[in-house]
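A short write-up of the structure that comes next.
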Amino acid sequence: MRRRSRLIRDLRRPKQMTFIELFFDLVYVFVLFRLSESLDERLTWVGAFEQLIMLMAAWWLWAYTNLLTDSLDSRTIWLQLLVLGSMYGALLFSTAIPEAFEQRGLLFALSYISINLARSCSLAIALRHDELGVRPLRAAFWFAVSAGPWLAGALFEGDARLVLWGVAIMIDYVSALSGWPTPGLGRTKPHELNLASGHFAERYRQFVIIALGATVALTGSTLHDSDFSPHRGAAFTFSFLISAGLFWVYFHRVREKLGPLFSGAPDPQIRTREAGLAHLVMVAGIVAASASVQLVIAEPREPCPAPWVALFVAGPALFLTGHALLARQLRGVAIPRLIGAAVLIAVAPALVGQSALFVNGITLLVLACVVGWDLRYAGIRPGEQALPLRF
């Protein structure tokens with residue numbers, strides 16, 4: 001039997017998070033801010049598709065780094081340097097987000113490609129004597145395949161860039177979800193992932209905290225940049241309560257049940273993929289909620305056109321849907337969230353033309369009903385101790 005590389009995480013030991021992982025997450029405060037800012041400037045169907053591609057690219061950079069720190073030992077200096085390099089690349093990548101479909105397309109594509117190829121190739125070299133070294137080789141092959149449409153899209157403008165980058169991001173996602181099937185190397189097997197499921201779940205929770213923290217910070221900064229009025233004060237309050245509601249939906253009671261579901265699944269690899277996609281949907285909801293904060297606080301009495309209503313509703317609706325997917329095996333949890341998302345979608349047409357503050361209030365009301373159901377279902381009364389949040 002070959003001796004395992006020191007970079008490989010020993011699953012028999014405790015799987016605490018390390019400070020380098022938390023430090024890496026900080027760059028995503030800026031990434032999510034740039035995404036929400038860019039979404040506000042492009043409230044059209046084409047603009048929404050552009051933001052989706054950029055969000056999927058940003059999420060994949062984080063998710064793949066998370067896969068590395070989960071399966072490898074992030075206490076080693078070598079892996080910490082690799083994470084720092086990924087962080088630098090992610091920060092450079094984020095600076096191109098607002099103009100990625102304009103003059104900064106090449107910077108966006110090159111930084112994304114460089115991060116993925118550099119770390120996969122580095123890992124393949126470092127793990128060349130270990131069976132886990134085949135996994136980054138497969139990933140590097142598919143990142144090289146997707147690099148073609150990424151670079152080609154950067155050289156074109158308009159619809160051509162949109163189509164080419166859409167193809168590129170689909171290659172990255174479909175190949176990963178399929179286990180990176182590679183000629184001569186096959187596809188990744190479950191044991192090659194070396195997953196520490198509890199650690200993986202906690203990393204997702206930390207990212208949700210980071211994302212919600214970015215929304216709270218944006219709520220405060222938007223009010224600071226606007227002249228204060230009672231309507232803006234109300235919009236500020238509603239926006240904060242929506243962020244608090246999203247926090248409650250994710251963390252109250254349910255998080256204690258998701259750990260066993262995540263680690264005790266018959267096929268942890270499938271559960272990991274499901275969790276990744278569910279969190280992508282929730283992060284999309286947080287980005288939409290962040291974008292709506294800037295609109296409602298800046299113009300609380302402005303009549304909402306259809307794109308504004310769609311944005312206001314999309315935030316909580318996507319988050320509720322993503323969380324329902326994550327907790328789909330917990331019927332008492334998933335169904336109220338799906339009902340809440342369906343109600344938001346159903347009432348959206350009637351909200352067109354209403355003030356931004358009113359629309360924001362309706363989304364808050366629906367979210368409060370879901371939170372109220374959680375309280376009732378859990379049987380916890382005000383003043384009683386909720387389940388502890390373990391980090």
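By order of appearance in the structure tokens: chains A, B, ..., then residues from 1 within every chain, and ligands from 1 in the order shown.
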
| A:Ile20: which residues within 8 Å, counting only C-alpha atoms, same-chain residues fewer than 6 positions away excluded, as a list of chain:residue names? | A:Ser74, A:Gln80, A:Val83, A:Leu84

Can I get the selected residues back with N, CA and C atoms, as a PDB file, in the first residue's frame?
ATOM      1  N   SER A  74      -5.988  21.544   5.544  1.00  0.00           N
ATOM      2  CA  SER A  74      -5.739  22.977   5.368  1.00  0.00           C
ATOM      3  C   SER A  74      -4.801  23.546   6.424  1.00  0.00           C
ATOM      4  N   GLN A  80      -2.319  26.158   2.504  1.00  0.00           N
ATOM      5  CA  GLN A  80      -2.661  27.529   2.867  1.00  0.00           C
ATOM      6  C   GLN A  80      -2.181  28.518   1.807  1.00  0.00           C
ATOM      7  N   VAL A  83      -4.590  28.310  -1.047  1.00  0.00           N
ATOM      8  CA  VAL A  83      -5.834  29.025  -0.751  1.00  0.00           C
ATOM      9  C   VAL A  83      -5.619  30.535  -0.875  1.00  0.00           C
ATOM     10  N   LEU A  84      -4.483  31.023  -0.392  1.00  0.00           N
ATOM     11  CA  LEU A  84      -4.193  32.456  -0.515  1.00  0.00           C
ATOM     12  C   LEU A  84      -4.076  32.869  -1.979  1.00  0.00           C
TER      13      LEU A  84
END

| message | I'd like the contact shell of A:Leu280 - 8 Å cut-off, only C-alpha atoms, skipping same-chain residues fewer than 6 positions apart - returned as a list in words. | response |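 Those residues are Met56, Trp59 and Gly322 of chain A.
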
For the selection just defined, write its residues with C-alpha atoms to a file, as a PDB file, in the first residue's frame.
ATOM      1  CA  MET A  56     -22.239  30.583 -11.095  1.00  0.00           C
ATOM      2  CA  TRP A  59     -19.799  30.201  -6.694  1.00  0.00           C
ATOM      3  CA  GLY A 322     -33.188  26.521  -2.190  1.00  0.00           C
TER       4      GLY A 322
END

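For the pair atom CA of A:Val46 and atom CA of A:Leu325, the separation is 26.3 Å.
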
| message | Can you tell me which residues surround A:Val281 at a distance of at most 9 Å, considering only C-alpha atoms, apart from same-chain residues fewer than 6 positions away, and format the answer as a VMD selection string? | response | chain A and resid 318 to 319 321 to 323

| task | For A:Phe24, please output as a ChimeraX atom specification all residues within 12 Å (counting only C-alpha atoms; exclusion window: fewer than 2 positions along the same chain). | result | /A:17-22,26-31,61-63,65-66,69,74,80-91,203,206-207,210

Output N, CA and C atoms of each residue in that selection to a file, as a compact mmCIF listing (two decimals), in the first residue's frame.
# COMPACT_ATOMS: atom_id res chain seq x y z
N MET A 17 -12.84 23.83 11.35
CA MET A 17 -12.47 24.82 10.36
C MET A 17 -11.15 25.49 10.75
N THR A 18 -10.44 25.99 9.77
CA THR A 18 -9.19 26.70 10.03
C THR A 18 -9.36 28.16 9.66
N PHE A 19 -8.48 28.99 10.21
CA PHE A 19 -8.60 30.43 9.97
C PHE A 19 -8.38 30.78 8.50
N ILE A 20 -7.58 29.99 7.78
CA ILE A 20 -7.35 30.30 6.38
C ILE A 20 -8.64 30.17 5.57
N GLU A 21 -9.50 29.24 5.96
CA GLU A 21 -10.78 29.10 5.26
C GLU A 21 -11.68 30.30 5.52
N LEU A 22 -11.73 30.75 6.77
CA LEU A 22 -12.53 31.93 7.10
C LEU A 22 -11.97 33.17 6.41
N LEU A 26 -13.76 35.93 3.29
CA LEU A 26 -13.95 37.38 3.38
C LEU A 26 -13.98 38.05 2.02
N VAL A 27 -13.27 37.50 1.04
CA VAL A 27 -13.25 38.12 -0.27
C VAL A 27 -14.64 38.06 -0.90
N TYR A 28 -15.48 37.14 -0.44
CA TYR A 28 -16.80 37.00 -1.03
C TYR A 28 -17.79 38.05 -0.53
N VAL A 29 -17.44 38.77 0.52
CA VAL A 29 -18.23 39.95 0.88
C VAL A 29 -18.18 40.95 -0.28
N PHE A 30 -16.99 41.15 -0.81
CA PHE A 30 -16.82 42.07 -1.94
C PHE A 30 -17.42 41.48 -3.23
N VAL A 31 -17.24 40.18 -3.44
CA VAL A 31 -17.79 39.53 -4.63
C VAL A 31 -19.31 39.69 -4.68
N LEU A 61 -15.82 28.98 -8.03
CA LEU A 61 -14.50 29.25 -7.47
C LEU A 61 -14.48 28.96 -5.97
N TRP A 62 -15.56 29.36 -5.28
CA TRP A 62 -15.63 29.09 -3.83
C TRP A 62 -15.84 27.60 -3.57
N ALA A 63 -16.75 26.98 -4.29
CA ALA A 63 -17.11 25.58 -4.03
C ALA A 63 -15.92 24.65 -4.27
N THR A 65 -12.73 25.46 -4.10
CA THR A 65 -11.78 25.69 -3.00
C THR A 65 -12.25 24.98 -1.74
N ASN A 66 -13.56 25.02 -1.50
CA ASN A 66 -14.13 24.33 -0.35
C ASN A 66 -13.90 22.82 -0.44
N THR A 69 -10.24 22.19 0.65
CA THR A 69 -9.98 22.30 2.08
C THR A 69 -10.73 21.25 2.88
N SER A 74 -5.99 21.54 5.54
CA SER A 74 -5.74 22.98 5.37
C SER A 74 -4.80 23.55 6.42
N GLN A 80 -2.32 26.16 2.50
CA GLN A 80 -2.66 27.53 2.87
C GLN A 80 -2.18 28.52 1.81
N LEU A 81 -1.00 28.28 1.27
CA LEU A 81 -0.50 29.14 0.18
C LEU A 81 -1.38 29.00 -1.05
N LEU A 82 -1.86 27.79 -1.32
CA LEU A 82 -2.74 27.58 -2.46
C LEU A 82 -4.06 28.33 -2.26
N VAL A 83 -4.59 28.31 -1.05
CA VAL A 83 -5.83 29.03 -0.75
C VAL A 83 -5.62 30.54 -0.87
N LEU A 84 -4.48 31.02 -0.39
CA LEU A 84 -4.19 32.46 -0.51
C LEU A 84 -4.08 32.87 -1.98
N GLY A 85 -3.46 32.02 -2.79
CA GLY A 85 -3.39 32.31 -4.22
C GLY A 85 -4.76 32.34 -4.85
N SER A 86 -5.64 31.41 -4.45
CA SER A 86 -7.01 31.40 -4.95
C SER A 86 -7.77 32.65 -4.51
N MET A 87 -7.49 33.09 -3.29
CA MET A 87 -8.14 34.29 -2.76
C MET A 87 -7.73 35.52 -3.56
N TYR A 88 -6.44 35.62 -3.85
CA TYR A 88 -5.96 36.74 -4.67
C TYR A 88 -6.63 36.73 -6.04
N GLY A 89 -6.70 35.56 -6.66
CA GLY A 89 -7.34 35.46 -7.96
C GLY A 89 -8.82 35.81 -7.90
N ALA A 90 -9.51 35.37 -6.82
CA ALA A 90 -10.94 35.66 -6.67
C ALA A 90 -11.17 37.16 -6.50
N LEU A 91 -10.26 37.83 -5.78
CA LEU A 91 -10.39 39.28 -5.62
C LEU A 91 -10.19 39.99 -6.95
N ARG A 203 -19.00 24.56 6.42
CA ARG A 203 -18.47 25.54 5.49
C ARG A 203 -19.59 26.22 4.72
N GLN A 206 -21.18 28.74 7.06
CA GLN A 206 -20.36 29.94 7.19
C GLN A 206 -20.52 30.86 5.99
N PHE A 207 -20.63 30.27 4.81
CA PHE A 207 -20.79 31.10 3.62
C PHE A 207 -22.12 31.84 3.66
N ILE A 210 -21.69 34.81 5.80
CA ILE A 210 -20.94 35.84 5.06
C ILE A 210 -21.86 36.56 4.09

List as an mmCIF file with C-alpha atoms, in the first residue's frame the protein and nucleic acid residues near A:Gly233, meaning an atom at most 9 Å away when only C-alpha atoms are counted, but skip any in the same chain fewer than 5 places from it.
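What follows is the written file around_13.cif:
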data_model
loop_
_atom_site.group_PDB
_atom_site.id
_atom_site.type_symbol
_atom_site.label_atom_id
_atom_site.label_comp_id
_atom_site.auth_asym_id
_atom_site.auth_seq_id
_atom_site.Cartn_x
_atom_site.Cartn_y
_atom_site.Cartn_z
ATOM 1 C CA LEU A 223 -29.182 54.415 4.159
ATOM 2 C CA PHE A 228 -32.983 60.282 5.774
ATOM 3 C CA PHE A 238 -38.027 46.176 6.419
ATOM 4 C CA ILE A 297 -34.049 52.469 0.460
#

| request: Quick one: pick out all alpha helix (DSSP H) residues within stretch 17-106 of chain A from a backbone DSSP run and write them as a PyMOL selection string. | output: chain A and resi 19-41+45-71+77-95+105-106

| field | Distance of atom CA of A:Tyr64 from atom CA of A:Trp180, expressed in Å to one decimal place | value |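 Calculated distance between atom CA of A:Trp180 and atom CA of A:Tyr64 is 12.9 Å.
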
| query | Within 8 Å of A:Ala139, counting only C-alpha atoms, which residues qualify if same-chain residues fewer than 3 places away don't, as a list in words? | reply |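 The residues satisfying every condition are Ser120, Arg135, Pro136, Trp142, Phe143, Ala176 and Trp180 of chain A.
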
May I have the residues from that selection written out with C-alpha atoms, as an mmCIF file, in the first residue's frame?
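The new file selection-v1.cif reads:
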data_model
loop_
_atom_site.group_PDB
_atom_site.id
_atom_site.type_symbol
_atom_site.label_atom_id
_atom_site.label_comp_id
_atom_site.auth_asym_id
_atom_site.auth_seq_id
_atom_site.Cartn_x
_atom_site.Cartn_y
_atom_site.Cartn_z
ATOM 1 C CA SER A 120 -5.718 21.857 -10.269
ATOM 2 C CA ARG A 135 -8.909 13.846 -9.265
ATOM 3 C CA PRO A 136 -7.253 17.226 -9.931
ATOM 4 C CA TRP A 142 -12.218 19.802 -18.096
ATOM 5 C CA PHE A 143 -11.095 23.291 -17.068
ATOM 6 C CA ALA A 176 -18.098 18.235 -12.182
ATOM 7 C CA TRP A 180 -15.183 14.720 -14.418
#

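If you measure from each of A:Ala234, A:Ala100, A:Ala217, A:Leu127 to A:Ala298 using only C-alpha atoms, the closest one turns out to be A:Ala234.
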
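Take the candidates A:Ala154, A:Val296, A:Leu246, A:Ala346 and check each one against A:Ala368 using only C-alpha atoms; the shortest distance goes to A:Leu246.
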
Which residues are near A:Leu320? Cut-off 12 Å, only C-alpha atoms, ignore same chain within fewer than 3 positions. Put them as an mmCIF file with C-alpha atoms, in the first residue's frame.
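Final output, saved to out_7.cif:
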data_model
loop_
_atom_site.group_PDB
_atom_site.id
_atom_site.type_symbol
_atom_site.label_atom_id
_atom_site.label_comp_id
_atom_site.auth_asym_id
_atom_site.auth_seq_id
_atom_site.Cartn_x
_atom_site.Cartn_y
_atom_site.Cartn_z
ATOM 1 C CA GLY A 245 -35.890 36.362 8.412
ATOM 2 C CA LEU A 246 -33.588 34.654 5.931
ATOM 3 C CA PHE A 247 -31.146 33.978 8.766
ATOM 4 C CA TRP A 248 -33.926 32.448 10.840
ATOM 5 C CA VAL A 249 -35.169 30.280 7.980
ATOM 6 C CA TYR A 250 -31.710 28.807 7.469
ATOM 7 C CA ALA A 278 -29.343 24.129 -3.170
ATOM 8 C CA HIS A 279 -26.902 26.639 -1.696
ATOM 9 C CA VAL A 281 -30.039 28.837 -5.384
ATOM 10 C CA MET A 282 -30.042 30.367 -1.901
ATOM 11 C CA VAL A 283 -27.028 32.550 -2.653
ATOM 12 C CA ALA A 284 -28.791 33.744 -5.813
ATOM 13 C CA GLY A 285 -31.686 34.736 -3.569
ATOM 14 C CA ILE A 286 -29.356 36.632 -1.226
ATOM 15 C CA VAL A 313 -39.887 38.729 -4.963
ATOM 16 C CA ALA A 314 -36.957 36.708 -6.335
ATOM 17 C CA GLY A 315 -34.788 37.229 -3.250
ATOM 18 C CA PRO A 316 -36.934 35.491 -0.605
ATOM 19 C CA ALA A 317 -38.554 33.127 -3.154
ATOM 20 C CA HIS A 323 -33.687 25.760 1.477
ATOM 21 C CA ALA A 324 -36.638 23.520 0.671
ATOM 22 C CA LEU A 325 -34.401 21.583 -1.723
ATOM 23 C CA LEU A 326 -31.778 21.265 0.973
ATOM 24 C CA ALA A 327 -34.305 20.043 3.533
ATOM 25 C CA ARG A 328 -36.525 18.099 1.140
ATOM 26 C CA VAL A 333 -39.593 22.092 6.962
ATOM 27 C CA ALA A 334 -39.668 21.949 3.168
ATOM 28 C CA ILE A 335 -43.413 22.345 2.517
ATOM 29 C CA PRO A 336 -43.897 25.702 4.325
ATOM 30 C CA ARG A 337 -40.941 27.104 2.420
ATOM 31 C CA LEU A 338 -42.313 25.969 -0.927
ATOM 32 C CA ILE A 339 -45.720 27.431 -0.021
ATOM 33 C CA GLY A 340 -44.086 30.738 0.895
ATOM 34 C CA ALA A 341 -42.184 30.866 -2.406
ATOM 35 C CA ALA A 342 -45.378 29.997 -4.341
ATOM 36 C CA VAL A 343 -47.338 32.756 -2.588
ATOM 37 C CA LEU A 344 -44.675 35.337 -3.444
ATOM 38 C CA ILE A 345 -44.737 34.318 -7.112
ATOM 39 C CA THR A 363 -42.291 40.058 0.920
ATOM 40 C CA VAL A 366 -44.765 36.248 3.654
ATOM 41 C CA LEU A 367 -41.333 35.560 5.120
ATOM 42 C CA VAL A 370 -42.796 31.066 7.263
ATOM 43 C CA VAL A 371 -40.861 32.027 10.400
#
